[in-house]
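Here's run35.cif, which has mmCIF, C-alpha atoms, pLDDT in the B column; chains and numbers go by the auth columns:
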data_structure
loop_
_atom_site.group_PDB
_atom_site.id
_atom_site.type_symbol
_atom_site.label_atom_id
_atom_site.label_comp_id
_atom_site.label_asym_id
_atom_site.label_seq_id
_atom_site.Cartn_x
_atom_site.Cartn_y
_atom_site.Cartn_z
_atom_site.B_iso_or_equiv
_atom_site.auth_seq_id
_atom_site.auth_asym_id
ATOM 1 C CA MET A 1 148.749 34.987 74.158 55.00 1 I
ATOM 2 C CA LYS A 2 151.423 35.874 76.634 55.00 2 I
ATOM 3 C CA ARG A 3 152.191 39.541 76.176 54.00 3 I
ATOM 4 C CA THR A 4 155.858 40.334 76.349 54.00 4 I
ATOM 5 C CA SER A 5 157.953 43.316 75.370 57.00 5 I
ATOM 6 C CA GLU A 6 158.827 41.362 72.209 76.00 6 I
ATOM 7 C CA ASN A 7 155.256 41.481 70.858 83.00 7 I
ATOM 8 C CA PRO A 8 154.833 44.369 68.426 88.00 8 I
ATOM 9 C CA THR A 9 152.478 46.900 69.989 91.00 9 I
ATOM 10 C CA LEU A 10 150.685 49.895 68.570 93.00 10 I
ATOM 11 C CA LYS A 11 149.306 52.451 71.015 95.00 11 I
ATOM 12 C CA ILE A 12 146.544 54.677 69.711 95.00 12 I
ATOM 13 C CA GLU A 13 143.739 56.885 70.943 95.00 13 I
ATOM 14 C CA LEU A 14 140.283 56.653 69.430 94.00 14 I
ATOM 15 C CA TYR A 15 138.076 59.722 69.415 95.00 15 I
ATOM 16 C CA ASP A 16 134.559 59.274 70.796 94.00 16 I
ATOM 17 C CA GLN A 17 132.248 61.561 68.809 94.00 17 I
ATOM 18 C CA ASP A 18 129.575 61.324 71.473 95.00 18 I
ATOM 19 C CA THR A 19 131.649 62.332 74.506 94.00 19 I
ATOM 20 C CA GLU A 20 134.277 64.239 72.488 94.00 20 I
ATOM 21 C CA LYS A 21 137.023 62.475 74.463 95.00 21 I
ATOM 22 C CA CYS A 22 139.891 60.258 73.381 96.00 22 I
ATOM 23 C CA HIS A 23 140.252 56.713 74.712 95.00 23 I
ATOM 24 C CA PRO A 24 143.549 54.768 74.713 96.00 24 I
ATOM 25 C CA PHE A 25 143.852 51.404 72.954 95.00 25 I
ATOM 26 C CA GLN A 26 146.663 48.974 72.387 95.00 26 I
ATOM 27 C CA ILE A 27 146.912 46.705 69.399 95.00 27 I
ATOM 28 C CA VAL A 28 149.275 43.794 69.953 94.00 28 I
ATOM 29 C CA PHE A 29 150.043 41.068 67.454 92.00 29 I
ATOM 30 C CA ASP A 30 151.980 37.879 67.088 93.00 30 I
ATOM 31 C CA GLU A 31 151.906 34.917 64.694 92.00 31 I
ATOM 32 C CA TYR A 32 148.605 33.696 66.195 93.00 32 I
ATOM 33 C CA GLY A 33 146.505 36.811 66.056 95.00 33 I
ATOM 34 C CA ILE A 34 145.812 40.485 66.492 96.00 34 I
ATOM 35 C CA TYR A 35 144.672 41.553 69.943 96.00 35 I
ATOM 36 C CA ILE A 36 142.735 44.778 70.514 96.00 36 I
ATOM 37 C CA ILE A 37 142.868 46.080 74.055 95.00 37 I
ATOM 38 C CA PRO A 38 140.817 49.146 75.048 95.00 38 I
ATOM 39 C CA LYS A 39 142.180 50.577 78.309 95.00 39 I
ATOM 40 C CA GLY A 40 140.058 49.517 81.253 95.00 40 I
ATOM 41 C CA TYR A 41 138.493 46.514 79.510 95.00 41 I
ATOM 42 C CA GLY A 42 139.430 42.858 79.750 94.00 42 I
ATOM 43 C CA ASP A 43 138.338 39.249 79.920 94.00 43 I
ATOM 44 C CA TYR A 44 137.380 36.812 82.684 94.00 44 I
ATOM 45 C CA TYR A 45 140.772 35.168 83.234 92.00 45 I
ATOM 46 C CA SER A 46 143.109 38.136 83.001 92.00 46 I
ATOM 47 C CA LYS A 47 144.184 40.510 85.737 92.00 47 I
ATOM 48 C CA ASN A 48 143.009 44.093 85.386 92.00 48 I
ATOM 49 C CA GLY A 49 145.099 45.902 82.824 88.00 49 I
ATOM 50 C CA HIS A 50 146.087 42.697 81.044 89.00 50 I
ATOM 51 C CA GLY A 51 142.856 41.453 79.442 91.00 51 I
ATOM 52 C CA ILE A 52 142.201 40.978 75.758 94.00 52 I
ATOM 53 C CA PRO A 53 138.496 41.371 74.947 96.00 53 I
ATOM 54 C CA ILE A 54 138.933 41.377 71.150 97.00 54 I
ATOM 55 C CA MET A 55 140.998 38.951 69.100 96.00 55 I
ATOM 56 C CA VAL A 56 141.341 38.418 65.343 97.00 56 I
ATOM 57 C CA GLU A 57 142.725 35.080 64.197 97.00 57 I
ATOM 58 C CA MET A 58 142.811 32.728 61.227 97.00 58 I
ATOM 59 C CA PHE A 59 140.791 29.527 61.612 96.00 59 I
ATOM 60 C CA GLY A 60 140.101 26.984 58.873 95.00 60 I
ATOM 61 C CA GLY A 61 141.646 29.280 56.271 95.00 61 I
ATOM 62 C CA GLU A 62 139.316 32.186 57.103 96.00 62 I
ATOM 63 C CA PRO A 63 139.731 35.164 59.429 97.00 63 I
ATOM 64 C CA ARG A 64 137.430 35.416 62.416 97.00 64 I
ATOM 65 C CA VAL A 65 136.867 37.822 65.303 97.00 65 I
ATOM 66 C CA ILE A 66 136.487 36.530 68.851 97.00 66 I
ATOM 67 C CA LEU A 67 134.859 38.796 71.440 96.00 67 I
ATOM 68 C CA TRP A 68 134.561 38.682 75.191 95.00 68 I
ATOM 69 C CA ASP A 69 131.922 41.385 75.715 95.00 69 I
ATOM 70 C CA ASP A 70 131.141 40.307 79.298 96.00 70 I
ATOM 71 C CA ILE A 71 134.068 40.245 81.724 95.00 71 I
ATOM 72 C CA ASN A 72 132.097 37.884 83.989 95.00 72 I
ATOM 73 C CA GLU A 73 131.758 35.163 81.323 94.00 73 I
ATOM 74 C CA GLU A 74 134.545 32.583 81.174 93.00 74 I
ATOM 75 C CA ASP A 75 134.133 31.778 77.494 94.00 75 I
ATOM 76 C CA SER A 76 134.075 34.126 74.555 94.00 76 I
ATOM 77 C CA THR A 77 130.621 35.554 73.939 95.00 77 I
ATOM 78 C CA HIS A 78 130.849 35.925 70.139 96.00 78 I
ATOM 79 C CA ILE A 79 132.819 34.264 67.368 97.00 79 I
ATOM 80 C CA ILE A 80 132.301 36.013 64.050 97.00 80 I
ATOM 81 C CA SER A 81 133.572 34.366 60.882 96.00 81 I
ATOM 82 C CA LEU A 82 134.552 36.729 58.078 96.00 82 I
ATOM 83 C CA ALA A 83 134.142 34.019 55.414 94.00 83 I
ATOM 84 C CA ALA A 84 131.127 35.770 53.858 93.00 84 I
ATOM 85 C CA ALA A 85 133.110 39.033 53.623 93.00 85 I
ATOM 86 C CA SER A 86 135.544 37.495 51.122 90.00 86 I
ATOM 87 C CA GLU A 87 135.968 39.729 48.082 84.00 87 I
ATOM 88 C CA LYS A 88 135.751 36.584 45.959 82.00 88 I
ATOM 89 C CA LEU A 89 132.058 36.401 46.881 84.00 89 I
ATOM 90 C CA ARG A 90 131.162 39.913 45.705 82.00 90 I
ATOM 91 C CA LYS A 91 128.201 39.841 43.335 80.00 91 I
ATOM 92 C CA PRO A 92 126.988 42.429 40.869 79.00 92 I
ATOM 93 C CA ASP A 93 124.156 44.659 42.063 81.00 93 I
ATOM 94 C CA LYS A 94 120.585 44.259 40.746 81.00 94 I
ATOM 95 C CA ASP A 95 121.485 46.334 37.661 75.00 95 I
ATOM 96 C CA GLY A 96 124.485 44.130 36.841 72.00 96 I
ATOM 97 C CA ASN A 97 127.033 46.767 37.917 75.00 97 I
ATOM 98 C CA CYS A 98 130.207 45.557 39.580 76.00 98 I
ATOM 99 C CA HIS A 99 131.238 48.464 41.798 76.00 99 I
ATOM 100 C CA ASN A 100 134.471 47.979 43.754 80.00 100 I
ATOM 101 C CA MET A 101 135.214 44.738 41.931 82.00 101 I
ATOM 102 C CA SER A 102 138.704 44.048 40.636 84.00 102 I
ATOM 103 C CA ASN A 103 139.223 43.575 36.898 85.00 103 I
ATOM 104 C CA ASP A 104 140.130 39.929 37.554 86.00 104 I
ATOM 105 C CA GLU A 105 136.898 39.302 39.460 85.00 105 I
ATOM 106 C CA LEU A 106 134.798 41.098 36.834 89.00 106 I
ATOM 107 C CA ASP A 107 136.514 39.025 34.140 90.00 107 I
ATOM 108 C CA ARG A 108 135.781 35.806 36.062 88.00 108 I
ATOM 109 C CA LEU A 109 132.063 36.656 36.334 89.00 109 I
ATOM 110 C CA ARG A 110 131.868 37.660 32.684 93.00 110 I
ATOM 111 C CA ARG A 111 133.576 34.452 31.565 93.00 111 I
ATOM 112 C CA GLU A 112 131.071 32.386 33.566 92.00 112 I
ATOM 113 C CA LYS A 113 128.287 34.211 31.755 93.00 113 I
ATOM 114 C CA ILE A 114 129.770 33.980 28.254 95.00 114 I
ATOM 115 C CA ASP A 115 130.550 30.273 28.641 94.00 115 I
ATOM 116 C CA LYS A 116 126.881 29.646 29.371 94.00 116 I
ATOM 117 C CA ILE A 117 125.782 31.810 26.424 94.00 117 I
ATOM 118 C CA TRP A 118 128.189 29.989 24.095 94.00 118 I
ATOM 119 C CA GLU A 119 126.900 26.575 25.207 92.00 119 I
ATOM 120 C CA GLU A 120 123.254 27.567 24.682 93.00 120 I
ATOM 121 C CA TYR A 121 123.576 29.723 21.546 93.00 121 I
ATOM 122 C CA ASP A 122 122.180 28.365 18.274 91.00 122 I
ATOM 123 C CA LEU A 123 124.748 29.368 15.658 90.00 123 I
ATOM 124 C CA GLY A 124 122.105 28.979 12.980 88.00 124 I
ATOM 125 C CA LEU A 125 124.314 26.860 10.748 88.00 125 I
ATOM 126 C CA GLY A 126 122.770 25.450 7.603 86.00 126 I
ATOM 127 C CA GLU A 127 122.220 21.736 7.188 87.00 127 I
ATOM 128 C CA ASP A 128 125.279 21.565 4.929 88.00 128 I
ATOM 129 C CA ASP A 129 127.515 23.390 7.454 90.00 129 I
ATOM 130 C CA GLU A 130 129.317 21.748 10.339 90.00 130 I
ATOM 131 C CA TYR A 131 130.949 23.365 13.395 92.00 131 I
ATOM 132 C CA VAL A 132 134.541 22.081 13.628 92.00 132 I
ATOM 133 C CA ASP A 133 136.532 23.910 16.295 93.00 133 I
ATOM 134 C CA ASP A 134 137.143 27.228 18.066 94.00 134 I
ATOM 135 C CA ASP A 135 140.025 29.195 19.587 95.00 135 I
ATOM 136 C CA GLY A 136 138.443 29.893 22.988 94.00 136 I
ATOM 137 C CA TRP A 137 137.595 33.301 24.418 95.00 137 I
ATOM 138 C CA GLU A 138 139.859 36.284 23.886 94.00 138 I
ATOM 139 C CA THR A 139 139.709 39.806 25.277 93.00 139 I
ATOM 140 C CA VAL A 140 141.927 42.770 26.013 88.00 140 I
ATOM 141 C CA GLN A 141 141.998 43.745 29.684 74.00 141 I
ATOM 142 C CA PRO A 142 140.571 45.993 30.817 71.00 142 I
ATOM 143 C CA GLY A 143 137.927 45.785 28.149 84.00 143 I
ATOM 144 C CA ASN A 144 134.273 45.129 27.586 92.00 144 I
ATOM 145 C CA GLU A 145 134.420 42.938 24.485 95.00 145 I
ATOM 146 C CA TYR A 146 135.059 39.193 24.337 96.00 146 I
ATOM 147 C CA TRP A 147 135.329 37.227 21.115 96.00 147 I
ATOM 148 C CA ARG A 148 135.765 33.651 20.042 96.00 148 I
ATOM 149 C CA ASN A 149 136.885 32.563 16.603 96.00 149 I
ATOM 150 C CA PHE A 150 135.167 29.400 15.452 95.00 150 I
ATOM 151 C CA TYR A 151 135.469 27.325 12.320 94.00 151 I
ATOM 152 C CA VAL A 152 132.791 25.859 10.079 94.00 152 I
ATOM 153 C CA ILE A 153 133.161 23.531 7.139 93.00 153 I
ATOM 154 C CA TRP A 154 130.757 22.969 4.308 86.00 154 I
ATOM 155 C CA VAL A 155 129.992 19.280 4.099 84.00 155 I
ATOM 156 C CA GLY A 156 130.541 19.436 0.314 83.00 156 I
ATOM 157 C CA ASN A 157 134.157 20.533 0.867 84.00 157 I
ATOM 158 C CA PRO A 158 135.415 19.213 4.249 81.00 158 I
ATOM 159 C CA ASN A 159 139.043 20.220 3.533 86.00 159 I
ATOM 160 C CA GLU A 160 138.321 23.949 3.691 86.00 160 I
ATOM 161 C CA SER A 161 136.991 25.676 6.788 89.00 161 I
ATOM 162 C CA LYS A 162 135.635 29.170 7.157 92.00 162 I
ATOM 163 C CA LYS A 163 136.513 31.295 10.171 94.00 163 I
ATOM 164 C CA HIS A 164 133.754 33.211 11.969 95.00 164 I
ATOM 165 C CA THR A 165 133.851 35.329 15.113 96.00 165 I
ATOM 166 C CA PHE A 166 131.332 35.236 17.931 96.00 166 I
ATOM 167 C CA THR A 167 131.448 38.525 19.858 96.00 167 I
ATOM 168 C CA ILE A 168 129.953 39.532 23.201 96.00 168 I
ATOM 169 C CA GLN A 169 129.894 43.207 24.197 96.00 169 I
ATOM 170 C CA PHE A 170 129.350 44.077 27.874 94.00 170 I
ATOM 171 C CA LYS A 171 128.087 47.297 29.389 90.00 171 I
ATOM 172 C CA PRO A 172 131.225 48.982 30.861 88.00 172 I
ATOM 173 C CA GLY A 173 131.960 47.881 34.447 86.00 173 I
ATOM 174 C CA SER A 174 129.091 45.409 34.369 88.00 174 I
ATOM 175 C CA VAL A 175 128.093 41.826 33.638 89.00 175 I
ATOM 176 C CA GLU A 176 125.130 43.120 31.630 90.00 176 I
ATOM 177 C CA ILE A 177 125.432 42.134 27.980 93.00 177 I
ATOM 178 C CA GLU A 178 124.812 44.797 25.341 94.00 178 I
ATOM 179 C CA SER A 179 125.126 42.459 22.339 94.00 179 I
ATOM 180 C CA ALA A 180 126.088 38.903 21.491 95.00 180 I
ATOM 181 C CA GLY A 181 126.283 36.899 18.312 94.00 181 I
ATOM 182 C CA PRO A 182 128.280 35.681 15.333 94.00 182 I
ATOM 183 C CA ASP A 183 129.571 37.895 12.525 91.00 183 I
ATOM 184 C CA TYR A 184 127.026 36.708 9.977 88.00 184 I
#
What does this structure look like when you write it as structure tokens?
Amino acid sequence: MKRTSENPTLKIELYDQDTEKCHPFQIVFDEYGIYIIPKGYGDYYSKNGHGIPIMVEMFGGEPRVILWDDINEEDSTHIISLAAASEKLRKPDKDGNCHNMSNDELDRLRREKIDKIWEEYDLGLGEDDEYVDDDGWETVQPGNEYWRNFYVIWVGNPNESKKHTFTIQFKPGSVEIESAGPDY
């Protein structure tokens, strides 16, 4: 990056709790990245006062941090991908709780779970009953209950179907299921 007066710059001071002193930093950015410049620190190629030892950029659709933590090394010393820090990858804790998860993400995880339950659940239909169709999952957001209306016909009267509801109740804020099953 060629720093010019046109690059937006933020000048700040960070407090050092150990020494109880403030240290000046500049944060400069352009369309290629964010550059963090602690005063008195730089990189191999730059003149004193002009180095950029910390850079944040996008690469391959993911943010990454590039560090030059040794001014005597020509190449960057660390490249840290933030791909694993994506909020889309957040998982519930060991108790099934979804702290800090958006309602959309919680809903996505719950739907993955209920789809599997629906596929594996034995509806316990009699030999004269036949599953015909269903309406798909419904819920009210934010909410902890999901339901699916499904239709069964009696083989003796295939022109008339009976509607049933399969309901799954989740523990609030969790992917842990409290109850699941049809209304019969």
Find the residues near range 58-70 of chain I: any atom within 12 Å, counting all atoms listed in the file, skip ones fewer than 3 places away on the same chain, and give them as a ChimeraX atom specification. /I:31-38,41-46,51-55,73-86
Could you write out as a list in words the residues that the PyMOL selection byres ((chain I and resi 166-183) around 8) matches in the shown file?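 Given this file, the PyMOL selection byres ((chain I and resi 166-183) around 8) evaluates to Pro92, Asp95, Gly96, Asn97, Cys98, His99, Leu106, Leu109, Arg110, Lys113, Ile114, Leu123, Gly143, Asn144, Glu145, Tyr146, Trp147, Arg148, Asn149, Phe150, His164, Thr165 and Tyr184 of chain I.
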Pairwise distance for CA of Thr139 in chain I and CA of Ser161 in chain I, rounded to one decimal in Å: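 Between CA of Thr139 in chain I and CA of Ser161 in chain I the gap works out to 23.4 Å.
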Which residue gives the smallest distance to Ile71 in chain I among I:Arg108, I:Val155, I:Asp18, I:Lys47, with all atoms listed in the file counted?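 Among the listed residues, I:Lys47 lies closest to Ile71 in chain I.
In this structure, CA of Asn7 in chain I sits 24.4 Å away from CA of Cys22 in chain I.
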In Å, with one decimal, what is the gap from CA of Pro24 in chain I to CA of Lys11 in chain I? 7.2 Å
Using only C-alpha atoms, which residue out of I:Glu120, I:Asp93, I:Glu87, I:Glu130 lies closest to Glu105 in chain I?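 Checking each candidate against Glu105 in chain I, we get I:Glu87 as the closest.
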Under the rule that all atoms listed in the file are counted, which of I:Pro142, I:Asn72, I:Pro158, I:Asp104 is the nearest residue to Asp128 in chain I?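 For Asp128 in chain I, the nearest of the given residues is I:Pro158.
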Would you pick out the contacts of Tyr151 in chain I at 8 Å or less, using all atoms listed in the file, so that residues sharing its chain but fewer than 5 positions from it are not included, and give the list as JSON, numbers by chain? {"I": [131, 132, 133, 134, 161, 162, 163, 164]}
Edge lengths and centre in Å to one decimal, as AutoDock Vina command-line options, is what I'm after for the box along x, y and z that holds all listed atoms of range 104-114 of chain I once 8 Å is added on each side.
--center_x 134.2 --center_y 36.7 --center_z 33.9 --size_x 27.8 --size_y 24.7 --size_z 27.2
